[in-house]
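Notes follow once the structure below has been shown.
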Amino acid sequence: MWGRVYFAVQADARAATSAHVATTAVQVVVFWGFFLGAVPLVLSFAEHRWGLAMPLPAIAGPVGVVLFLLASGLGLWSAVAMSTQGAGTPLPAAMPNRLVIAGPYRFVRNPMAMAGVVQGAAVGLMLASWLVVAYAIAGSLVWNSVVRPLEEADLESRFGDEFLRYRMSVRCWLPRLRAVPSRGVDDEPDRGDVAPLSSSLPTNT
């Protein structure tokens, strides 16, 4: 019930793809600015103000930059796939009208969440802030235990067996080595080097 209540608002399926892309771009700017900019800066300031800072190795900064760029690329790839193939946006206020199995969603079920966690930890490394890294880890735990069950209950209620087959074939956090068949606007599978959706994998990892 709660999944259907929380994730009940779908985007206007009649809207142009460009409108979904533009809306998603605004969401990315706002969410990244707040969760990856404002919140980490406040935490880092508090960490130093309260004498909680601990030194990190000098390599932490460069490693953080590399991880942030890679994770940002994954996040943007996921957002583009969602807004161009799903007739909607990543946010509950305008959920996609189609089950998106395209782009990174062919390898892992929640690439945007994965990208966000890595981005948060990377920002912590760049700021040399263990508190920001802990914030990213805590966010991943909250998302996995609270948001994900609601989201998946909604997807199951809207897409039924198609989503259940997808969930059985694609894990939540650990990417597949081979992509599953793509599903997008045309709802046609790719004919390339893909693995069938029927090849089941664990669903709770």
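All residue names refer to the structure tokens as shown: chains lettered A, B, ... in order, residues numbered from 1 in each chain, ligands numbered from 1 in order.
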
Contacts of range 44-49 of chain A at 10 Å (only C-alpha atoms; same-chain gap of 4+ positions) as a list in words
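Answer for this query is Val39, Pro40, Ala53, Met54, Gly124, Leu127, Ala128, Ser129, Trp130, Leu131 and Val132 of chain A.
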
Just C-alpha atoms for this one: save the residues we selected as a CSV table (one decimal), in the first residue's frame.
```csv
chain,number,residue,atom,x,y,z
A,39,VAL,CA,25.1,19.3,3.0
A,40,PRO,CA,28.7,18.1,2.8
A,53,ALA,CA,38.3,16.3,12.0
A,54,MET,CA,40.8,13.5,11.4
A,124,GLY,CA,34.0,13.2,1.6
A,127,LEU,CA,37.0,17.4,1.6
A,128,ALA,CA,39.1,15.1,3.7
A,129,SER,CA,36.0,14.6,5.9
A,130,TRP,CA,35.2,11.3,7.5
A,131,LEU,CA,31.9,12.7,8.6
A,132,VAL,CA,30.8,13.3,4.9
```

Extract, using only C-alpha atoms, all DNA, RNA and protein residues at most 9 Å from Thr84 in chain A, discarding same-chain residues fewer than 2 positions from it, and format them as a PyMOL selection string.
chain A and resi 17-18+20-21+79-82+86-89+184-185

Would you list the contacts of range 63-70 of chain A as a VMD selection string, taking every protein, DNA or RNA residue within 7 Å and counting only C-alpha atoms, but skipping same-chain residues closer than 6 positions in sequence?
chain A and resid 118 to 119 122 to 123 125 to 126

Counting only C-alpha atoms, the residue among A:Ala25, A:Val30, A:Leu99, A:Ala71 that lies closest to Leu164 in chain A is A:Leu99

Using the chain letters and numbers from this document, which residues of range 43-120 of chain A does DSSP assign to helix (DSSP H, G or I), as number ranges by chain?
A: 43-49, 60-85, 92-94, 103-106, 111-120

If we count only C-alpha atoms and set the cut-off at 7 Å, which residues sit around Gly75 in chain A, ignoring sequence neighbours fewer than 5 positions away in its own chain? Please answer as a PyMOL selection string.
chain A and resi 111-112+115

Need to verify the contact set: Gly139 in chain A, 9 Å, only C-alpha atoms, exclusion of same-chain residues closer than 5 positions in sequence. Can you return it as a list in words?
Val117, Gly120, Ala134 and Asn144 of chain A

Pick the closest to Glu162 in chain A from A:Arg98, A:Leu177, A:Arg148, A:Ala60: which is it, counting only C-alpha atoms?
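Result for the nearest residue to Glu162 in chain A: A:Arg98.
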
What is the distance, in Å and to one decimal place, between CA of Ala179 in chain A and CA of Asp154 in chain A?
23.9 Å
